[in-house]
Amino acid sequence: MATAGGGASVAYLGCRDLLCLLSFCVLLAGLCGGNSVERKIYIPLNKTAPCVRLLNATHQIGCHSSISGDTGVIHVVEKEEDLQWVLTDGPNPPYVVLLEGTLFTRKVMEKLKASTSRIAGLAVSLAKPSPASGFSPSVQCPNDGFGVYSNSYGPEFAHCREIQWNYLGNGLAYEDFSFPIFLLEDENETNVIKQCYRDHNLSQNGSAPAFPLCAMQLFSHMHAVISTVTCMRRSSIQSTFSINPEIVCDPLSDYNVWSMLKPINVSGTLEPDDRVVVAATQLDSRSFFWNVAPGAESAVASFVTQLAAAEALHKAPDVTTLPRNVMFVFFQGETFDYIGSSRMVYDMEKGKFPVQLENIDSFVELRQVALRNSLKLWMHTDPMSQKNESVRNQVEHLLTTLEKSGAGIPAIILQRPNQSQPLPPSSLQRFLRARNISGVVLADHATIFHNRYYQSVYDTAENINVSYPERQSPEEDLNFVTDTAKTLADVATVLGRTLYQLAGGSNFSDTIQADPQTVTRLLYGFLVRANNSWFQSILRQDLRSYLGDGPLQHYIAVSSPTNTTYVVQCALANLTGKVTNLTREQCQDPSKVPNENKDLYEYTWVQGPLNSNETERLPQCVRSTARLARALSPAFELGQWGSTEYSTWTESRWKDISARIFLIASKELEAFSWNHDHGTLKWL
Amino acid sequence: MTAAVFFGCTFIAFGPALALYIFTIATEPLRVIFLIVGAFFWLLSLLLSSLVWFMTRTITDNKDGPVQKYLLMFGVLVSVLIQEMFRFAYYKILKKANEGLKSINPDETAPSMRLLAYVSGLGFGIMSGVFSFVNTLSDSLGPGTVGIRGDSPQFFLNSAFMTLVIILLHIFWGIVFFDGCEKKKWYTLLVVLLTHVLVSALTFVSPHYGISLVAAYVIVVPMGIWAFFAAGGSCRSLRLCLLCQDKDFLLFNQHSR
């Protein structure tokens, strides 16, 4: 009879079907996340910042994990001797090291890098207070090779041979790590991890600790590898041939913010006879970790000063009759080989920007100005361009104008450094690469930086001594004038008066005074709490959510414009523009309104201040010359991904970045369940 | 917690049911059909009880606290009632189907009610086991094990054994229930319902899994004995089977020429 054979095949089919059904159900159930069993097993770490991969023309820097995350047994390292357990003694490699913030040094990182087979990842806790000996993960010579000094032009100044500007830099942010590194921002989460470690991972007298052990899993898989050339090539092949292209990296790009003292027609270019004085500063900063860039001394202090100077200058009565114009520009991306300034120079050369290089009369740049020693403010100039007689005379005129403006302010002493000193890393260097213009860089340091936390997570309000009395409400803090605000206002006053005189004004120089109230409100908003009443009133309706409860982070990122760019543009518009009584429709399309010109001005419909009942906002139309100009490196415009002339920095893409802790079981438990399962399998 | 625990717990929970399926159900297509319909009936009962649960949740506005625990107990009670109701409904449908099957296929013998009781119990059991255990299984595949929040580290093994005992209990309940319905002994239905409620209520003593597990295994033994006798077994047939002298069984498995 055929039934037995037929029956057997039916049995086989039925068995396979049942297994299929079972595995399908498992998969389906696995897709439904957030169930209570998962909550029993894992504790997610929510307040973390990863270290991501950045690439330039030749190298990759940063960290990455494997695609399914890196798991390791937690080991807390609070002093250097604890590292021995991780590197040699511990019996359960790989380990995830929880490092104290003060131990995050080059020496420790070299040791960890040398034994990558035993390290699955690293979690760094923020050191409170900041490390006393300073910490800067940036290199000692920032933006080397992209400034004006090279082996063919000013070789004695190239590669920081004369002055190592960022003396404390250990270069960690420009190294390539093969394991993930996360920053633990919340102290409560760090304590939970340490408690789990104390409960499960501590061993008695150096013997192996008993299972189950506390472990951490870090996910930060990066899609791009090797260099910008490789990842852009792969992305372009994908977008040419694939219906659903898989882009692996994005260039770092954003927008520069610029405005003119007297409005100009942006649809054309200026005449060669129109002379412009340029006041420049930078908007961005970075740190070892992604999107954490408080940048108080390296960026915020200087652009806040320039905003205050712009406000003061606009209040001068004879602004419209000045012979020369003044351009305030805030460059974005200067941290990554001068993205913003190199793009602006390129646009000026190609005629795509209303102001051309011929129109530039002089150039005043603000670099780090908040940590002045004994009231001194240093005026750096370039020795190479001053070999030309006419340039030297112009620079001399520039310096004497500065000294004259500073004479009226006792709290500032303007000093000239040693004659043969190079320029510090600054946007002026990019302009000097294109043309010999007379320029000066104002800074608080004569030789090496005074900033001991340059481009690190510790460059916060504390670093520039911005502190508020206790038990004050956020509104009171907003309007409290700190000492730092007063000193920065003095610098802004000097800058404003200098720009006025360079633009040809003479009568009202002494009336130009920066308002410390503006400076302190800007500092509060950018360094302490962005969601305050003043920022809310100057911002557009749809950008309300950009203001968080903490400080703004000034990393350039890849999606533009960032929060900082928008807020600076709106602040510039508010401080230098005028409120008009246009309606919302007229504000969005002023071409129909007589006397309003969209080419000369930018019209923004902002939220406005609260009404007297403090219930609603009174929106208004602000007319100003504050605009955005694209800041994408010319290397990507020209397709020269391996360029050594322009910045080629890109950021890798990723799918999932997260961290969680859980217990891992012993091998014995697994064996026990295997035996049981073998026992039941024997039934079959 | 890696593949070892996953496969271990899967086979602990579903191994016996799988074995029973392969050796007794998979050979006959009709039995497979009745098994799947039985599983479907269990799913329907779960759908109805989840509707009731959802309505009570919305009525109490999803508030947290002890209210939720009492709601859960109420939900479990309602679910047990509805499951037994659907078992009864399945019995009624099978009764009707039997007569229909006889008219379609007069040559082949239709499965007896005792066999269908066993098949329906197995169907209920497999579906119930899959539903209760599969999401725990999928979490056992990850790298972590239960315990960081203070729960017992034997969570997966406990759940696997609990699922196994529930599947066995469903088989025995099915047999006893149908037998009670056939012989009009209504007290058996009540006993089945009460033991089902007892076993489900015992799971509320978590995190003390040991108590509920031991109690469930203590209940499954007399239940199994009752089911054995209700299905027509006797001490004599058991002895013959164990000593491999059961002529009917031996004859059945021989290939005829």
# chains A, B, ... in the order shown; residues from 1 in each chain; ligands from 1
>>> residues_around(residues="Tyr468 of chain A", least_positions_apart="5", cutoff="8 Å", atoms="only C-alpha atoms", output="ChimeraX atom specification")
/A:477,480,482
>>> interface_residues(of="chain B", to="chain A", cutoff="6 Å", atoms="only C-alpha atoms", output="ChimeraX atom specification")
/B:4-5,8,11-12,15,19,26-27,134-135,138,144-146,148
>>> write_last_selection(atoms="N, CA, C and O atoms", output="compact mmCIF listing (two decimals), in the first residue's frame")
# COMPACT_ATOMS: atom_id res chain seq x y z
N ALA B 4 21.98 29.35 21.42
CA ALA B 4 21.88 28.15 22.26
C ALA B 4 20.62 28.19 23.10
O ALA B 4 19.83 27.24 23.12
N VAL B 5 20.40 29.31 23.78
CA VAL B 5 19.21 29.42 24.62
C VAL B 5 17.96 29.42 23.75
O VAL B 5 16.95 28.80 24.10
N GLY B 8 17.37 25.88 22.58
CA GLY B 8 17.08 25.07 23.76
C GLY B 8 15.66 25.28 24.24
O GLY B 8 14.89 24.34 24.43
N PHE B 11 12.87 23.97 21.81
CA PHE B 11 12.61 22.53 21.81
C PHE B 11 12.09 22.04 23.15
O PHE B 11 11.36 21.05 23.20
N ILE B 12 12.46 22.74 24.25
CA ILE B 12 11.86 22.37 25.53
C ILE B 12 10.36 22.59 25.46
O ILE B 12 9.55 21.74 25.84
N GLY B 15 8.99 20.74 21.80
CA GLY B 15 9.47 19.42 21.43
C GLY B 15 8.43 18.32 21.53
O GLY B 15 8.14 17.63 20.54
N ALA B 19 6.72 16.27 18.51
CA ALA B 19 6.81 14.82 18.39
C ALA B 19 5.43 14.21 18.22
O ALA B 19 5.21 13.35 17.36
N ALA B 26 0.53 14.02 11.56
CA ALA B 26 0.99 14.39 10.23
C ALA B 26 0.70 13.35 9.17
O ALA B 26 0.69 13.67 7.98
N THR B 27 0.46 12.11 9.56
CA THR B 27 0.25 11.06 8.56
C THR B 27 -1.11 11.17 7.91
O THR B 27 -1.30 10.75 6.79
N VAL B 134 6.27 32.94 21.90
CA VAL B 134 7.11 33.34 20.76
C VAL B 134 7.79 34.69 20.97
O VAL B 134 8.93 34.88 20.56
N ASN B 135 7.14 35.66 21.62
CA ASN B 135 7.82 36.95 21.76
C ASN B 135 8.95 36.86 22.78
O ASN B 135 9.98 37.52 22.62
N SER B 138 11.87 35.41 20.84
CA SER B 138 12.59 36.31 19.94
C SER B 138 13.54 37.20 20.73
O SER B 138 14.60 37.57 20.24
N GLY B 144 21.53 39.69 25.42
CA GLY B 144 21.37 39.83 26.86
C GLY B 144 20.48 38.76 27.45
O GLY B 144 19.69 38.11 26.77
N THR B 145 20.58 38.59 28.77
CA THR B 145 19.69 37.69 29.48
C THR B 145 18.96 38.49 30.55
O THR B 145 19.37 39.58 30.92
N VAL B 146 17.88 37.89 31.06
CA VAL B 146 17.07 38.62 32.03
C VAL B 146 17.85 38.73 33.34
O VAL B 146 18.56 37.81 33.74
N ILE B 148 19.00 42.22 34.78
CA ILE B 148 19.61 43.49 35.19
C ILE B 148 18.68 44.30 36.06
O ILE B 148 19.12 45.13 36.86
>>> residues_around(residues="Phe303 of chain A", least_positions_apart="2", cutoff="7 Å", atoms="only C-alpha atoms", output="short mmCIF file (atom, residue, chain, number, x, y, z; two decimals) with all heavy atoms, in the first residue's frame")
data_model
loop_
_atom_site.label_atom_id
_atom_site.label_comp_id
_atom_site.auth_asym_id
_atom_site.auth_seq_id
_atom_site.Cartn_x
_atom_site.Cartn_y
_atom_site.Cartn_z
N THR A 281 34.17 86.64 11.06
CA THR A 281 34.38 85.79 12.22
C THR A 281 33.86 84.40 11.88
O THR A 281 33.33 84.20 10.78
CB THR A 281 33.67 86.35 13.47
OG1 THR A 281 33.97 85.51 14.57
CG2 THR A 281 32.18 86.39 13.27
N GLN A 282 34.02 83.46 12.78
CA GLN A 282 33.55 82.11 12.45
C GLN A 282 32.39 81.69 13.34
O GLN A 282 32.23 82.18 14.45
CB GLN A 282 34.69 81.10 12.55
CG GLN A 282 34.96 80.55 13.94
CD GLN A 282 35.99 79.43 13.91
OE1 GLN A 282 37.10 79.62 13.46
NE2 GLN A 282 35.63 78.28 14.40
N LEU A 283 31.54 80.80 12.80
CA LEU A 283 30.33 80.38 13.50
C LEU A 283 30.44 79.02 14.14
O LEU A 283 29.64 78.67 14.99
CB LEU A 283 29.16 80.29 12.50
CG LEU A 283 28.39 81.51 12.15
CD1 LEU A 283 27.27 81.13 11.20
CD2 LEU A 283 27.80 82.14 13.39
N ALA A 299 34.24 79.97 19.17
CA ALA A 299 33.33 80.54 18.17
C ALA A 299 32.35 81.53 18.75
O ALA A 299 32.22 82.65 18.23
CB ALA A 299 32.57 79.41 17.46
N VAL A 300 31.64 81.16 19.82
CA VAL A 300 30.49 81.96 20.27
C VAL A 300 30.91 83.35 20.69
O VAL A 300 30.30 84.35 20.27
CB VAL A 300 29.77 81.25 21.43
CG1 VAL A 300 28.66 82.12 21.98
CG2 VAL A 300 29.20 79.93 20.96
N ALA A 301 31.97 83.45 21.49
CA ALA A 301 32.37 84.77 22.00
C ALA A 301 32.65 85.72 20.83
O ALA A 301 32.27 86.89 20.85
CB ALA A 301 33.59 84.64 22.89
N THR A 305 30.39 89.03 19.73
CA THR A 305 31.01 90.35 19.71
C THR A 305 30.73 91.05 18.39
O THR A 305 30.42 92.24 18.35
CB THR A 305 32.53 90.20 19.89
OG1 THR A 305 32.78 89.36 21.00
CG2 THR A 305 33.18 91.54 20.10
N GLN A 306 30.83 90.29 17.29
CA GLN A 306 30.61 90.92 16.00
C GLN A 306 29.15 91.33 15.83
O GLN A 306 28.84 92.36 15.22
CB GLN A 306 31.03 89.98 14.87
CG GLN A 306 30.91 90.64 13.53
CD GLN A 306 31.86 90.06 12.52
OE1 GLN A 306 33.05 89.96 12.76
NE2 GLN A 306 31.32 89.69 11.39
N LEU A 307 28.22 90.52 16.37
CA LEU A 307 26.80 90.91 16.30
C LEU A 307 26.58 92.21 17.04
O LEU A 307 25.86 93.11 16.57
CB LEU A 307 25.92 89.81 16.90
CG LEU A 307 25.68 88.57 16.04
CD1 LEU A 307 24.99 87.49 16.86
CD2 LEU A 307 24.83 88.92 14.83
#
>>> closest_residue(among="B:Leu193, B:Val80, B:Ile225, B:Ala17", to="Val119 of chain B", atoms="only C-alpha atoms")
B:Ala17
>>> select_by_dssp(residues="segment 7-189 of chain A", states="strand (DSSP E or B)", output="MDAnalysis selection string")
chainID A and resid 43:45 48:50 54:55 60:62 70:77 95:99 119:125 136 169 176 181:184
>>> closest_residue(among="B:Leu44, B:Gly123, B:Lys96, B:Phe14", to="Arg31 of chain B", atoms="only C-alpha atoms")
B:Gly123
>>> closest_residue(among="A:Ala114, A:Leu582, A:Ala127, A:Leu366", to="Leu99 of chain A", atoms="only C-alpha atoms")
A:Ala127
>>> select_by_dssp(residues="segment 171-228 of chain B", states="alpha helix (DSSP H)", output="VMD selection string")
chain B and resid 171 to 182 186 to 202 209 to 228
>>> residues_around(residues="Gln368 of chain A", least_positions_apart="4", cutoff="6 Å", atoms="only C-alpha atoms", output="list in words")
Glu297, Ser298 and Ala443 of chain A
>>> atom_distance(atom1="atom CA of Asn465 of chain A", atom2="atom CA of Phe526 of chain A")
14.3 Å
